[in-house]
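Visitor: Here it is, the structure in full.
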Amino acid sequence: MPSTNPPHFSWTRWWAIVLKEIIQLKRDRITFGMIFGIPLMQLILFGFAINTDPKHLPTAIISDDNSAVTRSLISAMAHSEYFAIDTHYTSAEALAALRRGDVQFVLTITNNFTAKLLRGERPTILLEADATDPTATGVALSSLNGILQTVARREFHGALDYLARPPAPFDIIVHRRYNPEGITQYNIIPSLIGVLLTLTLTLMTALGITREKEHGTMENILATPTRPLEILTGKIAPYILIGLLQVSLILLAARYLFDVPIVGSLWLVYLVALLFIVVNLTVGIAISSVAQNMFQGMQMVFFYFLPNIMLSGYMFPFRGMPEWAQVVGDILPLTYFNRLIRGVMLKGTSLPDLTQNLWPLLLIGLVTLLAASKLYRQTLD
Amino acid sequence: MPHTESTVAMDAGYAIDVHGLNKYFGDKHVVKDLSLQVEYGQIMGFLGPNGSGKTTAIRMLCGLLTPDSGEGSCLGYDIRTQPEAIKSRIGYMTQRFSYWEDLTIRENLEFIARIYELAHRKHLVDEALEKLGLSTRSSQLARELSGGWKQRLALAACTIHSPDLLLLDEPTAGVDPSARRDFWDELHALSSRGISVLISTHYMDEAQRCHSLAYLAYGSLLAHGSAEEIIAQQHLHTLHITGAHLSTLEHTLRETDGIAQTVMYGNDLHVSSLDPLALERSVTAHLTSGQSATPIPTSLEDTFIYLMQHSEDNFDAID
Ligand SMILES: Nc1ncnc2c1ncn2[C@@H]1O[C@H](COP(=O)(O)OP(=O)(O)OP(=O)(O)O)[C@@H](O)[C@H]1O
Ligand SMILES: [Mg+2]
């Protein structure tokens, strides 16, 4: 047998595929409409708030006053189903955790709280809330008021009876961080980017490759020396650009239509978006490797899409979901992207604080890429 | 070690050389023990009824399907281990039009030229368009072409990189007679330059123009060789009958012992048998006035019909 050169990646062939894809996209009015129509539709439809009832919100309590009253308060909060209490943070750690999104609330009780209370000086409790998820914050705040009333009634009787009558003998000062006015679209708009990229990109890649199978053109490409890597990367390259275009579109709408500020750095927004785009494209490839025709591809994309919007913290606050749903949510790319994009856009989270949500996304991307390359068939068998 | 194409041709004996190829789809045995040799510069016709496994066999040759067993080579490259090398040296034309309907004629050709990394791309594409006679329509979408023109575009596209071996799966289906003649002239010109061709077809006149033929039925290779050899192998004797009421005569003869087959061709009837004496006897016994029978050499078509019916009988017997 004559020797052969090992198969190599050819940029000429890669460019041929990119070019073909661009020409086809340009001529496909429906797809083109989808690229711009879906973001527009979503912006209009999902701009509304969705009411929900979240529970067990992680709360850091920093109490410098160890008295019967404060102990009772903390245990009452722990027993309500709205809060999951952690008292081990120092004040600085708690604020860092709030910025990372590890806790939703930080409750601070100063050391002279009980003394002031007994003197009737109406001491204050400081509650700092991560208000990027305003629904969750709102529900928890109203329940906290109820808890405080109950504690007051229970703890103060006899000579202190006067303290048990409303109004409560202390004030809660709420600092809504990152979204002080609790505007829901602050939350919705960044997440919309994720939902949009998930839907359009997986759909377009999945259909782009199954279409070639269905039309028989795949047989033609496979009979040429084109390498799988050239086909796959060539086919998705244009969609990376399209994804970034869609991101820009929503960012513009966010800024000028809904007045959502971009607190963090713009390049971090794009970095996070780029990673998420690539992850979605590999999911699309994995789907197209399994699907025999466009209809199957479409069904599978929706099968993937639904849990992503339901369980990623987009529709319902992540911490308000039942345990099992959170477990499922933990393996969905959109979950991490939601946290990342909210972090960057609304809180100005910096790169080091993003890593804990970046690496799971990276991992999911690598796993699907591996699966896609295993599933991708170089023959018609 | 670098090598030129001609040394490849010298090294290996055959352009296609495969042995004992088998392919199953599920438990359906679609290609059975196929062995095939095509010499360099030869045009081999690939014949057989619908569903006989021609397309499947061709796909195994170019690495699109993995044979379940058997081995072999194309252009000296192993079909199992060196599909990339094969793919860069062959031109494969699929049975169903497989170019991009939403690209223009020129864009399709340019795409293929890039895929094969051809130098002088523009020149080659222009030349192909010129030869096709599509220069003036080059910016039309492939979708807008008629069926026959699509075939011609596909042919131009799969030969643009001057391959050493052409695998053509019914390339002339739906092509008009004069374009088919041009196409076959072109094929013979290519073959005289040393290019080998495996071409599947259902047309008898095209089969006649091949250097050798392979006849497949139900996945088995039933006959191979030149047209004359295949005809001779079957030992059929044939009478050509003209006249009136031939269909009545055909019905009678079909039921007669010793008659292998009867085939109507418009106003003519061909009656064949393995036994020339029995044939003569049975036919003259049933001839009516105005009908006349003359012995003719058995045609390729008669032979194929005979082969197909026989394999059907065998196939039924096995099942
Ligand atoms: N991908 C597949 N899966 C299952 N069965 C298949 C597949 N491809 C072909 N077959 C079956 O294999 C048999 C041979 O098909 P093939 O296309 O090779 O025949 P062919 O000789 O090319 O027929 P035609 O003259 O109609 O083109 C047929 O019975 C067909 O149904
Ligand atoms: Mg076929």
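Residues are referred to by chain and number: the chain letter is A, B, ... according to the order shown in the structure tokens, the number counts from 1 in that chain, and ligands are numbered separately from 1 in the order shown.
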List all protein, DNA and RNA residues that have any atom at most 12 Å from ligand 1, counting only C-alpha atoms and all ligand atoms, and write the list as a PyMOL selection string.

Guide: (chain A and resi 213+216+219+292+379-381) or (chain B and resi 22-32+46-60+64-66+94-96+168-171+173+199-203+214-221)

Visitor: Do you know which residues are at most 9 Å from Ala129 in chain A counting only C-alpha atoms, after dropping those on the same chain fewer than 4 positions away, and could you put them as a PyMOL selection string?

Guide: chain A and resi 98+103-107+137+174-178

Visitor: Using only C-alpha atoms and a distance of at most 9 Å, pull out the residues of chain A that contact chain B, as a ChimeraX atom specification.

Guide: /A:1-7,10,12-17,19-20,23-24,27-28,212,215-227,378-381

Visitor: Take the residues just selected and output them with N, CA, C and O atoms as a compact mmCIF listing (two decimals), in the first residue's frame.

Guide:
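The resulting part16.txt:
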# COMPACT_ATOMS: atom_id res chain seq x y z
N MET A 1 0.85 -1.21 0.00
CA MET A 1 0.00 0.00 0.00
C MET A 1 0.88 1.25 0.00
O MET A 1 1.84 1.34 0.76
N PRO A 2 0.53 2.25 -0.79
CA PRO A 2 1.30 3.49 -0.77
C PRO A 2 1.09 4.23 0.55
O PRO A 2 0.05 4.09 1.18
N SER A 3 2.09 5.00 0.94
CA SER A 3 1.95 5.75 2.19
C SER A 3 1.08 6.98 1.95
O SER A 3 0.95 7.44 0.82
N THR A 4 0.48 7.49 3.00
CA THR A 4 -0.32 8.70 2.86
C THR A 4 0.12 9.70 3.90
O THR A 4 0.60 9.34 4.95
N ASN A 5 -0.09 10.98 3.58
CA ASN A 5 0.17 12.00 4.58
C ASN A 5 -0.93 11.92 5.62
O ASN A 5 -2.08 11.65 5.28
N PRO A 6 -0.59 12.16 6.89
CA PRO A 6 -1.67 12.16 7.89
C PRO A 6 -2.66 13.28 7.57
O PRO A 6 -2.24 14.33 7.09
N PRO A 7 -3.94 13.04 7.81
CA PRO A 7 -4.93 14.08 7.53
C PRO A 7 -4.64 15.34 8.33
O PRO A 7 -4.32 15.26 9.51
N SER A 10 -7.25 21.82 7.19
CA SER A 10 -7.01 22.74 6.08
C SER A 10 -7.84 24.00 6.25
O SER A 10 -9.06 23.95 6.34
N THR A 12 -8.18 26.28 4.04
CA THR A 12 -8.92 26.52 2.80
C THR A 12 -10.28 25.84 2.87
O THR A 12 -11.30 26.43 2.53
N ARG A 13 -10.25 24.57 3.27
CA ARG A 13 -11.52 23.84 3.38
C ARG A 13 -12.41 24.46 4.45
O ARG A 13 -13.62 24.58 4.27
N TRP A 14 -11.79 24.83 5.57
CA TRP A 14 -12.54 25.46 6.65
C TRP A 14 -13.23 26.72 6.15
O TRP A 14 -14.42 26.93 6.38
N TRP A 15 -12.48 27.51 5.40
CA TRP A 15 -13.02 28.77 4.89
C TRP A 15 -14.13 28.49 3.88
O TRP A 15 -15.13 29.22 3.82
N ALA A 16 -13.97 27.42 3.10
CA ALA A 16 -15.02 27.06 2.14
C ALA A 16 -16.34 26.83 2.86
O ALA A 16 -17.40 27.28 2.42
N ILE A 17 -16.25 26.15 3.99
CA ILE A 17 -17.47 25.83 4.73
C ILE A 17 -18.06 27.07 5.40
O ILE A 17 -19.27 27.30 5.35
N LEU A 19 -17.76 30.10 4.38
CA LEU A 19 -18.31 30.94 3.31
C LEU A 19 -19.67 30.42 2.86
O LEU A 19 -20.63 31.17 2.69
N LYS A 20 -19.73 29.12 2.67
CA LYS A 20 -20.99 28.50 2.25
C LYS A 20 -22.08 28.76 3.28
O LYS A 20 -23.21 29.11 2.93
N ILE A 23 -23.29 32.36 3.06
CA ILE A 23 -24.15 32.59 1.89
C ILE A 23 -25.54 32.00 2.14
O ILE A 23 -26.56 32.63 1.87
N GLN A 24 -25.56 30.78 2.67
CA GLN A 24 -26.85 30.13 2.91
C GLN A 24 -27.68 30.89 3.94
O GLN A 24 -28.88 31.05 3.78
N ARG A 27 -29.32 33.89 2.52
CA ARG A 27 -30.46 33.64 1.64
C ARG A 27 -31.65 33.06 2.39
O ARG A 27 -32.72 32.93 1.83
N ASP A 28 -31.43 32.67 3.65
CA ASP A 28 -32.50 32.02 4.39
C ASP A 28 -33.25 33.06 5.22
O ASP A 28 -32.86 33.38 6.32
N GLU A 212 -28.29 19.22 6.37
CA GLU A 212 -27.36 18.64 5.40
C GLU A 212 -27.59 17.14 5.27
O GLU A 212 -27.46 16.56 4.20
N HIS A 215 -31.01 16.66 3.36
CA HIS A 215 -30.94 17.00 1.93
C HIS A 215 -29.94 16.13 1.17
O HIS A 215 -29.82 16.24 -0.03
N GLY A 216 -29.20 15.28 1.89
CA GLY A 216 -28.24 14.40 1.22
C GLY A 216 -26.92 15.08 0.92
O GLY A 216 -26.00 14.46 0.39
N THR A 217 -26.79 16.38 1.25
CA THR A 217 -25.55 17.08 0.95
C THR A 217 -24.42 16.62 1.89
O THR A 217 -23.25 16.77 1.57
N MET A 218 -24.80 16.05 3.05
CA MET A 218 -23.78 15.54 3.96
C MET A 218 -23.00 14.41 3.30
O MET A 218 -21.79 14.32 3.46
N GLU A 219 -23.72 13.56 2.55
CA GLU A 219 -23.05 12.46 1.86
C GLU A 219 -21.97 13.01 0.93
O GLU A 219 -20.88 12.47 0.82
N ASN A 220 -22.31 14.11 0.28
CA ASN A 220 -21.38 14.74 -0.63
C ASN A 220 -20.13 15.22 0.11
O ASN A 220 -19.00 14.92 -0.28
N ILE A 221 -20.32 15.95 1.21
CA ILE A 221 -19.17 16.46 1.97
C ILE A 221 -18.34 15.30 2.52
O ILE A 221 -17.11 15.33 2.48
N LEU A 222 -19.02 14.28 3.02
CA LEU A 222 -18.29 13.16 3.63
C LEU A 222 -17.46 12.39 2.61
O LEU A 222 -16.51 11.72 2.97
N ALA A 223 -17.84 12.47 1.33
CA ALA A 223 -17.07 11.76 0.30
C ALA A 223 -15.88 12.59 -0.17
O ALA A 223 -15.10 12.15 -1.00
N THR A 224 -15.74 13.81 0.36
CA THR A 224 -14.57 14.64 0.03
C THR A 224 -13.58 14.52 1.19
O THR A 224 -13.92 13.97 2.24
N PRO A 225 -12.36 15.03 1.02
CA PRO A 225 -11.37 14.88 2.10
C PRO A 225 -11.65 15.74 3.32
O PRO A 225 -10.82 15.78 4.23
N THR A 226 -12.77 16.44 3.38
CA THR A 226 -13.05 17.33 4.51
C THR A 226 -13.00 16.58 5.84
O THR A 226 -13.59 15.52 5.97
N ARG A 227 -12.30 17.15 6.82
CA ARG A 227 -12.18 16.55 8.14
C ARG A 227 -13.35 16.97 9.02
O ARG A 227 -13.86 18.08 8.87
N GLN A 378 -18.57 10.00 10.92
CA GLN A 378 -17.87 10.37 9.71
C GLN A 378 -18.33 9.52 8.52
O GLN A 378 -17.88 9.68 7.41
N THR A 379 -19.21 8.55 8.81
CA THR A 379 -19.73 7.69 7.75
C THR A 379 -21.25 7.74 7.80
O THR A 379 -21.83 8.39 8.65
N LEU A 380 -21.88 7.03 6.87
CA LEU A 380 -23.34 6.99 6.85
C LEU A 380 -23.88 5.77 7.59
O LEU A 380 -25.08 5.53 7.57
N ASP A 381 -22.99 5.00 8.21
CA ASP A 381 -23.43 3.75 8.86
C ASP A 381 -24.57 4.00 9.84
O ASP A 381 -24.54 4.97 10.57

Visitor: Name the closest residue to ligand 2 among the candidates B:Ala179, B:Leu167, B:Ile305, B:Ile43; distances are taken between atoms, counting only C-alpha atoms and all ligand atoms.

Guide: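 Smallest distance to ligand 2 is found for B:Leu167.
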
Visitor: Can you work out which one of B:Leu236, B:Leu109, B:Leu277, B:Leu124 has the shortest atom-to-atom distance to Leu155 in chain B, counting only C-alpha atoms?

Guide: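 Smallest separation from Leu155 in chain B among the options: B:Leu109.
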
Visitor: Find the residue from A:Gly120, A:Gly33, A:Gly365, A:Pro58 that sits nearest to Thr282 in chain A; use only C-alpha atoms when measuring.

Guide: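 For Thr282 in chain A, the nearest of the candidates is A:Gly365.
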
Visitor: Env of Phe318 in chain A: 10 Å cut, atoms = only C-alpha atoms, seq-sep filter 4 positions within chain, self excluded. Answer as an MDAnalysis selection string.

Guide: chainID A and resid 54:55 57 133 136 310:314 322:323 325:326 329:330 335 339

Visitor: Filtering to N, CA, C and O atoms, could you give me those residues as an mmCIF file, in the first residue's frame?

Guide:
data_model
loop_
_atom_site.group_PDB
_atom_site.id
_atom_site.type_symbol
_atom_site.label_atom_id
_atom_site.label_comp_id
_atom_site.auth_asym_id
_atom_site.auth_seq_id
_atom_site.Cartn_x
_atom_site.Cartn_y
_atom_site.Cartn_z
ATOM 1 N N PRO A 54 -40.001 32.027 47.005
ATOM 2 C CA PRO A 54 -38.761 31.303 47.286
ATOM 3 C C PRO A 54 -38.594 30.977 48.763
ATOM 4 O O PRO A 54 -39.138 31.663 49.618
ATOM 5 N N LYS A 55 -37.856 29.939 49.066
ATOM 6 C CA LYS A 55 -37.663 29.509 50.454
ATOM 7 C C LYS A 55 -36.188 29.197 50.723
ATOM 8 O O LYS A 55 -35.403 29.046 49.808
ATOM 9 N N LEU A 57 -33.569 30.857 51.858
ATOM 10 C CA LEU A 57 -32.575 31.741 51.265
ATOM 11 C C LEU A 57 -31.372 31.820 52.199
ATOM 12 O O LEU A 57 -31.527 32.088 53.395
ATOM 13 N N ASP A 133 -32.280 39.650 42.555
ATOM 14 C CA ASP A 133 -33.462 38.830 42.377
ATOM 15 C C ASP A 133 -34.566 39.441 43.245
ATOM 16 O O ASP A 133 -34.780 39.038 44.375
ATOM 17 N N ALA A 136 -37.372 37.319 45.151
ATOM 18 C CA ALA A 136 -36.918 36.604 46.332
ATOM 19 C C ALA A 136 -36.763 37.568 47.502
ATOM 20 O O ALA A 136 -37.212 37.304 48.621
ATOM 21 N N MET A 310 -36.795 26.638 32.822
ATOM 22 C CA MET A 310 -37.574 26.426 34.035
ATOM 23 C C MET A 310 -36.694 26.360 35.280
ATOM 24 O O MET A 310 -37.072 26.839 36.334
ATOM 25 N N LEU A 311 -35.545 25.727 35.171
ATOM 26 C CA LEU A 311 -34.797 25.354 36.373
ATOM 27 C C LEU A 311 -33.478 26.102 36.556
ATOM 28 O O LEU A 311 -32.666 25.735 37.392
ATOM 29 N N SER A 312 -33.241 27.118 35.757
ATOM 30 C CA SER A 312 -31.932 27.768 35.832
ATOM 31 C C SER A 312 -31.964 29.023 36.687
ATOM 32 O O SER A 312 -30.971 29.717 36.804
ATOM 33 N N GLY A 313 -33.107 29.318 37.279
ATOM 34 C CA GLY A 313 -33.194 30.561 38.023
ATOM 35 C C GLY A 313 -33.677 31.704 37.149
ATOM 36 O O GLY A 313 -33.691 32.858 37.565
ATOM 37 N N TYR A 314 -34.086 31.376 35.939
ATOM 38 C CA TYR A 314 -34.599 32.404 35.056
ATOM 39 C C TYR A 314 -36.079 32.633 35.331
ATOM 40 O O TYR A 314 -36.515 33.759 35.538
ATOM 41 N N PRO A 322 -37.651 23.405 44.554
ATOM 42 C CA PRO A 322 -37.426 22.209 45.376
ATOM 43 C C PRO A 322 -36.022 21.654 45.144
ATOM 44 O O PRO A 322 -35.411 21.896 44.099
ATOM 45 N N GLU A 323 -35.558 20.892 46.129
ATOM 46 C CA GLU A 323 -34.202 20.344 46.110
ATOM 47 C C GLU A 323 -33.855 19.660 44.791
ATOM 48 O O GLU A 323 -32.840 19.941 44.166
ATOM 49 N N ALA A 325 -35.064 19.938 41.896
ATOM 50 C CA ALA A 325 -34.973 20.857 40.761
ATOM 51 C C ALA A 325 -33.650 21.613 40.798
ATOM 52 O O ALA A 325 -33.063 21.909 39.754
ATOM 53 N N GLN A 326 -33.183 21.893 42.014
ATOM 54 C CA GLN A 326 -31.894 22.576 42.113
ATOM 55 C C GLN A 326 -30.759 21.667 41.662
ATOM 56 O O GLN A 326 -29.796 22.114 41.056
ATOM 57 N N GLY A 329 -30.901 21.757 38.051
ATOM 58 C CA GLY A 329 -30.439 23.080 37.648
ATOM 59 C C GLY A 329 -28.928 23.213 37.696
ATOM 60 O O GLY A 329 -28.327 23.924 36.897
ATOM 61 N N ASP A 330 -28.317 22.482 38.627
ATOM 62 C CA ASP A 330 -26.865 22.558 38.792
ATOM 63 C C ASP A 330 -26.083 22.030 37.601
ATOM 64 O O ASP A 330 -24.889 22.293 37.481
ATOM 65 N N THR A 335 -27.964 27.988 34.122
ATOM 66 C CA THR A 335 -27.904 28.321 35.546
ATOM 67 C C THR A 335 -26.666 29.163 35.833
ATOM 68 O O THR A 335 -26.743 30.215 36.468
ATOM 69 N N ARG A 339 -26.094 33.401 36.643
ATOM 70 C CA ARG A 339 -25.371 33.962 37.784
ATOM 71 C C ARG A 339 -24.242 34.867 37.309
ATOM 72 O O ARG A 339 -24.009 35.940 37.855
#

Visitor: For the strand (DSSP E or B) assignment from backbone DSSP, which residues of range 79-272 of chain B qualify? Please present them as number ranges by chain.

Guide: B: 90-93, 104, 141, 165-169, 196-200, 212-217, 220-225, 237-242, 261-265, 268-272

Visitor: Grab the residues selected above and save them as a compact mmCIF listing (two decimals), in the first residue's frame with N, CA and C atoms.

Guide:
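To be explicit, this is the file written out as again09.txt:
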# COMPACT_ATOMS: atom_id res chain seq x y z
N ILE B 90 -10.70 10.54 -5.57
CA ILE B 90 -11.86 10.07 -6.33
C ILE B 90 -12.87 11.19 -6.55
N GLY B 91 -13.74 10.97 -7.52
CA GLY B 91 -14.89 11.83 -7.70
C GLY B 91 -16.11 10.97 -7.52
N TYR B 92 -16.96 11.33 -6.57
CA TYR B 92 -18.14 10.52 -6.29
C TYR B 92 -19.38 11.33 -6.62
N MET B 93 -20.21 10.79 -7.48
CA MET B 93 -21.47 11.46 -7.79
C MET B 93 -22.60 10.64 -7.20
N THR B 104 -25.62 29.30 -5.81
CA THR B 104 -25.69 29.40 -7.26
C THR B 104 -24.79 28.32 -7.87
N LEU B 141 -29.55 30.05 -8.99
CA LEU B 141 -29.51 29.09 -7.90
C LEU B 141 -29.64 27.68 -8.46
N LEU B 165 -10.17 8.25 -10.13
CA LEU B 165 -11.23 7.25 -10.17
C LEU B 165 -12.56 7.95 -10.00
N LEU B 166 -13.49 7.62 -10.88
CA LEU B 166 -14.83 8.19 -10.78
C LEU B 166 -15.81 7.11 -10.33
N LEU B 167 -16.57 7.42 -9.30
CA LEU B 167 -17.63 6.53 -8.87
C LEU B 167 -18.93 7.26 -9.16
N LEU B 168 -19.64 6.82 -10.17
CA LEU B 168 -20.82 7.56 -10.61
C LEU B 168 -22.07 6.71 -10.39
N ASP B 169 -22.96 7.21 -9.55
CA ASP B 169 -24.16 6.46 -9.22
C ASP B 169 -25.34 6.99 -10.04
N SER B 196 -10.07 5.74 -14.26
CA SER B 196 -10.93 4.57 -14.14
C SER B 196 -12.32 5.01 -13.70
N VAL B 197 -13.32 4.26 -14.12
CA VAL B 197 -14.70 4.66 -13.85
C VAL B 197 -15.52 3.45 -13.42
N LEU B 198 -16.28 3.63 -12.35
CA LEU B 198 -17.31 2.66 -12.00
C LEU B 198 -18.62 3.42 -12.08
N ILE B 199 -19.51 2.95 -12.96
CA ILE B 199 -20.72 3.72 -13.20
C ILE B 199 -21.93 2.81 -13.11
N SER B 200 -22.89 3.18 -12.26
CA SER B 200 -24.11 2.37 -12.19
C SER B 200 -25.14 2.96 -13.14
N SER B 212 -16.32 -3.26 -19.23
CA SER B 212 -16.73 -4.48 -18.55
C SER B 212 -17.95 -4.17 -17.70
N LEU B 213 -18.64 -5.23 -17.30
CA LEU B 213 -19.89 -5.06 -16.58
C LEU B 213 -19.88 -5.93 -15.33
N ALA B 214 -20.60 -5.45 -14.32
CA ALA B 214 -20.83 -6.29 -13.14
C ALA B 214 -22.33 -6.24 -12.89
N TYR B 215 -22.92 -7.41 -12.73
CA TYR B 215 -24.37 -7.45 -12.55
C TYR B 215 -24.70 -7.95 -11.16
N LEU B 216 -25.42 -7.11 -10.42
CA LEU B 216 -25.72 -7.39 -9.03
C LEU B 216 -27.22 -7.64 -8.90
N ALA B 217 -27.62 -8.65 -8.15
CA ALA B 217 -29.04 -8.82 -7.83
C ALA B 217 -29.13 -9.35 -6.41
N SER B 220 -25.93 -9.99 -4.52
CA SER B 220 -24.90 -10.91 -5.00
C SER B 220 -24.47 -10.54 -6.41
N LEU B 221 -23.18 -10.69 -6.65
CA LEU B 221 -22.66 -10.47 -7.99
C LEU B 221 -22.98 -11.71 -8.81
N LEU B 222 -23.90 -11.55 -9.79
CA LEU B 222 -24.34 -12.73 -10.54
C LEU B 222 -23.50 -12.96 -11.79
N ALA B 223 -22.97 -11.88 -12.36
CA ALA B 223 -22.17 -12.04 -13.57
C ALA B 223 -21.23 -10.88 -13.70
N HIS B 224 -20.06 -11.14 -14.26
CA HIS B 224 -19.18 -10.03 -14.59
C HIS B 224 -18.33 -10.39 -15.80
N GLY B 225 -17.79 -9.38 -16.44
CA GLY B 225 -17.04 -9.58 -17.67
C GLY B 225 -17.52 -8.58 -18.70
N HIS B 237 -30.48 -19.15 -26.09
CA HIS B 237 -30.76 -19.04 -27.52
C HIS B 237 -32.05 -18.29 -27.65
N THR B 238 -32.13 -17.41 -28.65
CA THR B 238 -33.26 -16.51 -28.71
C THR B 238 -33.87 -16.45 -30.11
N LEU B 239 -35.19 -16.42 -30.16
CA LEU B 239 -35.91 -16.21 -31.41
C LEU B 239 -36.60 -14.86 -31.35
N HIS B 240 -36.58 -14.18 -32.48
CA HIS B 240 -37.21 -12.88 -32.59
C HIS B 240 -38.49 -13.05 -33.40
N ILE B 241 -39.63 -12.73 -32.81
CA ILE B 241 -40.91 -13.00 -33.47
C ILE B 241 -41.63 -11.69 -33.75
N THR B 242 -42.12 -11.56 -35.00
CA THR B 242 -42.91 -10.39 -35.36
C THR B 242 -44.27 -10.86 -35.87
N GLN B 261 -37.66 -17.74 -21.05
CA GLN B 261 -38.34 -16.47 -20.82
C GLN B 261 -38.87 -15.88 -22.12
N THR B 262 -39.88 -15.03 -21.95
CA THR B 262 -40.44 -14.30 -23.09
C THR B 262 -40.42 -12.83 -22.73
N VAL B 263 -39.98 -12.00 -23.67
CA VAL B 263 -39.94 -10.56 -23.40
C VAL B 263 -40.54 -9.81 -24.57
N MET B 264 -41.49 -8.92 -24.30
CA MET B 264 -42.08 -8.10 -25.36
C MET B 264 -41.29 -6.80 -25.48
N TYR B 265 -40.93 -6.46 -26.72
CA TYR B 265 -40.31 -5.15 -26.98
C TYR B 265 -41.20 -4.44 -27.97
N ASP B 268 -42.30 -6.42 -31.04
CA ASP B 268 -41.48 -7.62 -31.22
C ASP B 268 -41.53 -8.46 -29.96
N LEU B 269 -41.36 -9.77 -30.17
CA LEU B 269 -41.31 -10.67 -29.02
C LEU B 269 -40.00 -11.44 -29.06
N HIS B 270 -39.28 -11.45 -27.92
CA HIS B 270 -38.07 -12.27 -27.83
C HIS B 270 -38.39 -13.49 -26.96
N VAL B 271 -38.10 -14.66 -27.50
CA VAL B 271 -38.32 -15.88 -26.73
C VAL B 271 -36.97 -16.58 -26.59
N SER B 272 -36.59 -16.89 -25.34
CA SER B 272 -35.27 -17.48 -25.12
C SER B 272 -35.39 -18.82 -24.41

Visitor: Taking the DSSP assignment computed from this structure's backbone, write out as a PyMOL selection string all residues of range 107-221 of chain B that belong to helix (DSSP H, G or I).

Guide: chain B and resi 107-115+121-132+135-137+142-144+147-159+177-192+204-208

Visitor: So, with only C-alpha atoms as the atoms that count, which of A:Asn66, A:Thr87, A:Thr198, A:Thr349 lies closest to Val279 in chain A?

Guide: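 That would be A:Thr198, the residue with the smallest distance to Val279 in chain A.
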
Visitor: What's the 7 Å shell around range 38-40 of chain B, counting only C-alpha atoms, without same-chain residues fewer than 2 positions away, as JSON, numbers by chain?

Guide: {"B": [14, 15, 16, 17, 36, 42, 44, 194, 195, 196]}

Visitor: Would you mind telling me which residue in B:Ile105, B:Met204, B:Cys74, B:His251 lies nearest to Ala142 in chain B when using only C-alpha atoms?

Guide: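 With only C-alpha atoms as the atom set, the closest residue is B:Ile105.
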
Visitor: Which neighbours of Leu334 in chain A fall inside 12 Å, counting only C-alpha atoms, when residues of the same chain fewer than 5 positions from it are skipped, and could you give them as a PyMOL selection string?

Guide: chain A and resi 190-199+272-273+275-277+279-280+304-315+318+328-329+339-342+357-358+360-361+364-365

Visitor: When you count only C-alpha atoms, which of these residues is closest to Ala286 in chain A: A:Leu257, A:Ala371, A:Ile331, A:Leu201?

Guide: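 The closest residue to Ala286 in chain A is A:Ala371.
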